[in-house]
Amino acid sequence: MFESISSKIEKALHTLRGKGKITDINIAETVKEVRKALLDADVSYPIAKEFTDKVKAEALGRNVIQSIEPGQLMVKIVHEKLTELMGSEAVDINVKGSPAVVLIAGLQGSGKTTFSAKLAHYIKNKKNKTVMLVAGDVYRPAAISQLQTLGQQISVPVFTEEGNTNPVDIAQKAIREAKMRGYNVVIVDTAGRLAVDEQMMDEISSLKENLHPQETLFVVDSMTGQDAVNTAKAFNERIDFDGVVLTKLDGDTRGGAALTIRYAVQKPIKFVGVGEKMDALDVFHPDRMASRILGMGDVVSLVERAQEQYDEEEARKIQKKLIHNEYNFEDFLSQVGQIKKMGSMKELIGMIPGMDKLTKNVEIGDDAFKPIESMIGSMTPYERRHPSCLNGSRKQRIAAGSGRSIQELNRFLKQFEETRKMMKSVSTKGRMPQMPRRRR
C-alpha cells in the first residue's frame, strides 16, 4: 500500500537529516521533492502546491522556536499536514434509526456489492446490530446473486423481489419488512454504470429522496486515481453524500485518491477496503494512514486486530501447557490460524515500524505458512501432540508426505523448539502479556 509515494517522500525528507538547521534553501529543495512525489501519486497540482506551501510555512515558523533536528521536525510537520489533508479524525457511521437506512452509491465495478456485504458484516459484529441487505441493482442479475451469496457467507438476510424493476419500490418494501421483523439496519445496494450518466444520477437521487437514509456512502475504486476524485465530485454535487469508501486500497501503490478525495469534496473517508475477505474492511483513520505513508507503521491498528482475534481462555490454556512443557504442534497451528485471520502478511508487516524497509525487496505472500502447515498436516495426531517423538524414520515420512525436504523439516523443528523455549521463559517469569479488553 502506497509503496511508491512512501519511498519518494522518505527520500525527499532524508535530504534534511544531518543538517544543522532549516534554511530557506534546504527547505525549498525538500518541499520541491515532496510536491513531485505527490504529483507522481496522482494528486492534482493545486492540492499538491497548497499542501507543500503549508508545510514550508510551518517548517520555517517552527524552526524559530524549536531546537529539534531538521529531518525529525520535517517528518512531524508532513505527518500533521497529511493528517489534516485526509480529514484529521475518523468519522463513525450513523446507524441510529428504526431501522437506520444506509444507501450505497458508485460506479459499476467500484466494489459496491462487496462493500455492502462487508459493511453488513462490520455492523453486525462491531456494532452488535441486526442487518438486512437489499439487492437494488435491478439491471444485473449477477449483482443480485452475488449479494445473496455474500449474505449467506455472513449470515445476513438479503431482500429481493423477482420481476420488480423499480429500485425505490423494492427498497421501501425492504424497509417495511425490516421494521416488521425488528432489524436495526438496512443497507441498500444500488445499480451503477461504467461512467456517470443522467439516468443513474436520477435513480440514485430518487432513492435518496424517497428513503431518507441516515447514511449515503459513495464507493470508489482507489486505484483509479484522479478519476476517483472527479467521479466523487460529480456524485456529491447531485446527491450530497455523507462519506466516501475507498476500495482496493491494498493494491494502490500511489495513494492519490486517499490523499485528495476528502479535500476535493469536503466529505470524510469513512471506510477503506483492504482485501477480498468479508472482514477486510477498516475504519479510515487519517493519522494512522499518514503514519503508513511516511513509513512509520501503524501499531495501533495492528494491536486492534490482535485484540479481535485474542482468546483469553485459549491464552490461559497455552500458558499452562508451556509451564508443563506440553505445548505442541496443534497449539502452534491454532496460533498461526489466529495470525492469518488478522489480515494479509504483507499488510501486517507494513504496520510494524521499519519493517517495510527491511522487507522491501522480499516477496511476502499469504502462503508464507503453507510449508509449515503442510508439514504439520503430514504428522499423525499422536506426533502433533508429542513433538519429542519425532525420530529419523518419522521425519522422513513427514517430509515426503508434505513435499518438503528433510532439511526444511529440521529447520522448522529447530525454530519450533526455540519458540517454545522462549515462550516458556516468558510464561514462567510471570503471567503472559494480557491484551487489553476491547471497548465496544
# chains A, B, ... in the order shown; residues from 1 in each chain; ligands from 1

$ select_by_dssp --residues "region 198-235 of chain A" --states "alpha helix (DSSP H)" --output "compact mmCIF listing (two decimals) with C-alpha atoms, in the first residue's frame"
# COMPACT_ATOMS: atom_id res chain seq x y z
CA GLU A 198 -28.05 11.12 -16.17
CA GLN A 199 -30.19 8.01 -15.79
CA MET A 200 -28.03 6.67 -12.98
CA MET A 201 -27.96 10.04 -11.23
CA ASP A 202 -31.75 10.36 -11.49
CA GLU A 203 -32.19 6.90 -9.99
CA ILE A 204 -29.83 7.37 -7.05
CA SER A 205 -31.32 10.83 -6.40
CA SER A 206 -34.81 9.34 -6.34
CA LEU A 207 -33.70 6.66 -3.91
CA LYS A 208 -32.25 9.22 -1.55
CA GLU A 209 -35.31 11.50 -1.75
CA ASN A 210 -37.73 8.65 -1.04
CA LEU A 211 -35.77 6.61 1.52
CA GLN A 226 -7.60 11.28 -10.15
CA ASP A 227 -10.66 9.80 -11.91
CA ALA A 228 -11.89 8.75 -8.47
CA VAL A 229 -11.77 12.36 -7.32
CA ASN A 230 -13.64 13.63 -10.39
CA THR A 231 -16.34 10.95 -10.02
CA ALA A 232 -16.73 11.79 -6.33
CA LYS A 233 -17.27 15.45 -7.21
CA ALA A 234 -20.00 14.55 -9.73
CA PHE A 235 -21.86 12.31 -7.26

$ residues_around --residues "Ala48 (chain A)" --least-positions-apart "5" --cutoff "9 Å" --atoms "only C-alpha atoms" --output "list in words"
Val34, Arg35, Lys36, Leu38, Leu39, Val43, Asp53 and Thr260 of chain A

$ closest_atom_pairs --of "region 125-205 of chain A" --to "region 74-93 of chain A" --cutoff "12 Å" --atoms "only C-alpha atoms" --output "tab-separated table"
residue	atom	partner	partner_atom	distance
A:Lys126	CA	A:Ile93	CA	11.6
A:Lys127	CA	A:Ile93	CA	10.1
A:Val185	CA	A:Ile93	CA	11.5

$ write_last_selection --atoms "N, CA and C atoms" --output "PDB file, in the first residue's frame"
ATOM      1  N   LYS A 126     -19.299  -5.563  14.875  1.00  0.00           N
ATOM      2  CA  LYS A 126     -18.667  -4.489  15.648  1.00  0.00           C
ATOM      3  C   LYS A 126     -19.690  -3.588  16.344  1.00  0.00           C
ATOM      4  N   LYS A 127     -20.863  -3.458  15.754  1.00  0.00           N
ATOM      5  CA  LYS A 127     -21.897  -2.600  16.341  1.00  0.00           C
ATOM      6  C   LYS A 127     -22.986  -3.405  17.056  1.00  0.00           C
ATOM      7  N   VAL A 185     -30.699  -2.229  10.999  1.00  0.00           N
ATOM      8  CA  VAL A 185     -30.071  -1.505   9.891  1.00  0.00           C
ATOM      9  C   VAL A 185     -30.439  -2.153   8.556  1.00  0.00           C
TER      10      VAL A 185
END

$ residues_around --residues "Arg404 (chain A)" --least-positions-apart "3" --cutoff "10 Å" --atoms "only C-alpha atoms" --output "PyMOL selection string"
chain A and resi 371-372+374-375+396+398-401+407-409

$ write_last_selection --atoms "N, CA and C atoms" --output "compact mmCIF listing (two decimals), in the first residue's frame"
# COMPACT_ATOMS: atom_id res chain seq x y z
N PRO A 371 4.12 -24.05 3.89
CA PRO A 371 5.08 -25.14 4.13
C PRO A 371 4.96 -25.73 5.53
N ILE A 372 4.80 -24.84 6.53
CA ILE A 372 4.68 -25.30 7.92
C ILE A 372 3.38 -26.08 8.10
N SER A 374 1.70 -27.67 5.86
CA SER A 374 1.76 -28.96 5.16
C SER A 374 2.58 -29.98 5.95
N MET A 375 3.66 -29.52 6.62
CA MET A 375 4.47 -30.44 7.42
C MET A 375 3.71 -30.94 8.64
N GLN A 396 11.40 -38.66 8.00
CA GLN A 396 11.46 -39.00 6.58
C GLN A 396 10.05 -39.11 6.00
N ILE A 398 7.23 -37.71 7.20
CA ILE A 398 6.57 -36.39 7.23
C ILE A 398 7.07 -35.51 6.08
N ALA A 399 8.38 -35.52 5.86
CA ALA A 399 8.95 -34.71 4.78
C ALA A 399 8.42 -35.16 3.43
N ALA A 400 8.38 -36.46 3.22
CA ALA A 400 7.88 -37.00 1.94
C ALA A 400 6.40 -36.68 1.77
N GLY A 401 5.64 -36.83 2.85
CA GLY A 401 4.20 -36.59 2.78
C GLY A 401 3.83 -35.15 2.53
N GLN A 407 15.74 -31.20 5.22
CA GLN A 407 16.41 -30.00 5.75
C GLN A 407 15.38 -28.96 6.18
N GLU A 408 14.34 -28.77 5.35
CA GLU A 408 13.28 -27.81 5.70
C GLU A 408 12.56 -28.24 6.97
N LEU A 409 12.29 -29.54 7.08
CA LEU A 409 11.60 -30.04 8.26
C LEU A 409 12.45 -29.84 9.50

$ closest_residue --among "A:Ile376, A:Ala171, A:Met423, A:Leu13" --to "Lys320 (chain A)" --atoms "only C-alpha atoms"
A:Met423

$ residues_around --residues "Asn125 (chain A)" --least-positions-apart "3" --cutoff "12 Å" --atoms "only C-alpha atoms" --output "tab-separated table (two decimals) with C-alpha atoms, in the first residue's frame"
chain	number	residue	atom	x	y	z
A	118	LYS	CA	-18.55	-6.13	4.24
A	119	LEU	CA	-20.41	-3.25	5.87
A	120	ALA	CA	-23.21	-5.59	6.95
A	121	HIS	CA	-20.58	-7.89	8.47
A	122	TYR	CA	-18.92	-4.91	10.22
A	128	ASN	CA	-23.90	-5.63	17.54
A	129	LYS	CA	-26.88	-4.75	15.36
A	130	THR	CA	-29.12	-6.86	13.15
A	131	VAL	CA	-28.78	-6.08	9.45
A	154	ILE	CA	-22.03	-13.67	6.70
A	155	SER	CA	-25.48	-14.96	7.77
A	156	VAL	CA	-27.29	-11.75	6.84
A	278	MET	CA	-15.52	-10.10	4.41
A	279	ASP	CA	-13.60	-8.76	7.41
A	308	GLU	CA	-10.15	-9.02	17.83
A	440	ARG	CA	-17.43	-1.58	22.37

$ closest_residue --among "A:Leu73, A:Leu333, A:Ala280, A:Val219" --to "Ser110 (chain A)" --atoms "only C-alpha atoms"
A:Val219

$ residues_around --residues "Leu281 (chain A)" --least-positions-apart "6" --cutoff "9 Å" --atoms "only C-alpha atoms" --output "number ranges by chain"
A: 115, 118-119, 122, 247, 271-275

$ write_last_selection --atoms "N, CA and C atoms" --output "PDB file, in the first residue's frame"
ATOM      1  N   PHE A 115     -18.680  -4.301  -0.927  1.00  0.00           N
ATOM      2  CA  PHE A 115     -18.623  -3.414   0.238  1.00  0.00           C
ATOM      3  C   PHE A 115     -19.908  -3.493   1.044  1.00  0.00           C
ATOM      4  N   LYS A 118     -19.573  -6.388   3.211  1.00  0.00           N
ATOM      5  CA  LYS A 118     -18.549  -6.134   4.241  1.00  0.00           C
ATOM      6  C   LYS A 118     -19.089  -5.206   5.330  1.00  0.00           C
ATOM      7  N   LEU A 119     -19.832  -4.182   4.907  1.00  0.00           N
ATOM      8  CA  LEU A 119     -20.407  -3.245   5.874  1.00  0.00           C
ATOM      9  C   LEU A 119     -21.422  -3.947   6.762  1.00  0.00           C
ATOM     10  N   TYR A 122     -19.506  -5.837   9.238  1.00  0.00           N
ATOM     11  CA  TYR A 122     -18.925  -4.913  10.223  1.00  0.00           C
ATOM     12  C   TYR A 122     -19.973  -4.462  11.243  1.00  0.00           C
ATOM     13  N   THR A 247     -12.224   1.497  -2.007  1.00  0.00           N
ATOM     14  CA  THR A 247     -12.000   0.060  -2.134  1.00  0.00           C
ATOM     15  C   THR A 247     -10.642  -0.203  -2.788  1.00  0.00           C
ATOM     16  N   PHE A 271     -14.543   4.489   5.327  1.00  0.00           N
ATOM     17  CA  PHE A 271     -14.034   3.123   5.324  1.00  0.00           C
ATOM     18  C   PHE A 271     -13.059   2.916   4.176  1.00  0.00           C
ATOM     19  N   VAL A 272     -12.172   1.938   4.351  1.00  0.00           N
ATOM     20  CA  VAL A 272     -11.282   1.527   3.268  1.00  0.00           C
ATOM     21  C   VAL A 272     -11.309   0.007   3.170  1.00  0.00           C
ATOM     22  N   GLY A 273     -11.386  -0.487   1.938  1.00  0.00           N
ATOM     23  CA  GLY A 273     -11.320  -1.925   1.689  1.00  0.00           C
ATOM     24  C   GLY A 273      -9.874  -2.332   1.503  1.00  0.00           C
ATOM     25  N   VAL A 274      -9.436  -3.356   2.240  1.00  0.00           N
ATOM     26  CA  VAL A 274      -8.021  -3.736   2.209  1.00  0.00           C
ATOM     27  C   VAL A 274      -7.832  -5.216   1.879  1.00  0.00           C
ATOM     28  N   GLY A 275      -8.788  -5.810   1.177  1.00  0.00           N
ATOM     29  CA  GLY A 275      -8.666  -7.218   0.812  1.00  0.00           C
ATOM     30  C   GLY A 275     -10.010  -7.754   0.367  1.00  0.00           C
TER      31      GLY A 275
END

$ select_by_dssp --residues "region 194-301 of chain A" --states "strand (DSSP E or B)" --output "short mmCIF file (atom, residue, chain, number, x, y, z; two decimals) with C-alpha atoms, in the first residue's frame"
data_model
loop_
_atom_site.label_atom_id
_atom_site.label_comp_id
_atom_site.auth_asym_id
_atom_site.auth_seq_id
_atom_site.Cartn_x
_atom_site.Cartn_y
_atom_site.Cartn_z
CA GLU A 215 -26.13 7.49 5.65
CA THR A 216 -25.38 7.80 1.94
CA LEU A 217 -21.96 6.37 1.16
CA PHE A 218 -20.09 6.83 -2.11
CA VAL A 219 -17.92 3.84 -3.06
CA VAL A 220 -14.94 4.40 -5.32
CA ASP A 221 -12.05 2.30 -6.59
CA GLY A 243 -18.99 9.83 3.34
CA VAL A 244 -16.57 8.09 0.99
CA VAL A 245 -15.49 4.45 0.86
CA LEU A 246 -12.18 3.63 -0.85
CA THR A 247 -12.00 0.06 -2.13
CA ILE A 269 -13.46 9.00 4.09
CA LYS A 270 -15.25 6.56 6.41
CA PHE A 271 -14.03 3.12 5.32
CA VAL A 272 -11.28 1.53 3.27
CA GLY A 273 -11.32 -1.92 1.69
CA LEU A 281 -12.73 -3.51 5.92
CA ASP A 282 -11.10 -0.83 8.07
CA VAL A 283 -12.42 2.38 9.57
#

$ residues_around --residues "region 136-141 of chain A" --least-positions-apart "5" --cutoff "6 Å" --atoms "only C-alpha atoms" --output "count of residues only"
5

$ closest_residue --among "A:Thr113, A:Pro99, A:Ile9, A:Cys389" --to "Arg176 (chain A)" --atoms "only C-alpha atoms"
A:Pro99

$ closest_residue --among "A:Val134, A:Phe284, A:Pro268, A:Gly225" --to "Ala117 (chain A)" --atoms "only C-alpha atoms"
A:Val134

$ closest_residue --among "A:Ile104, A:Met180, A:Met422, A:Ile339" --to "Leu133 (chain A)" --atoms "only C-alpha atoms"
A:Ile104
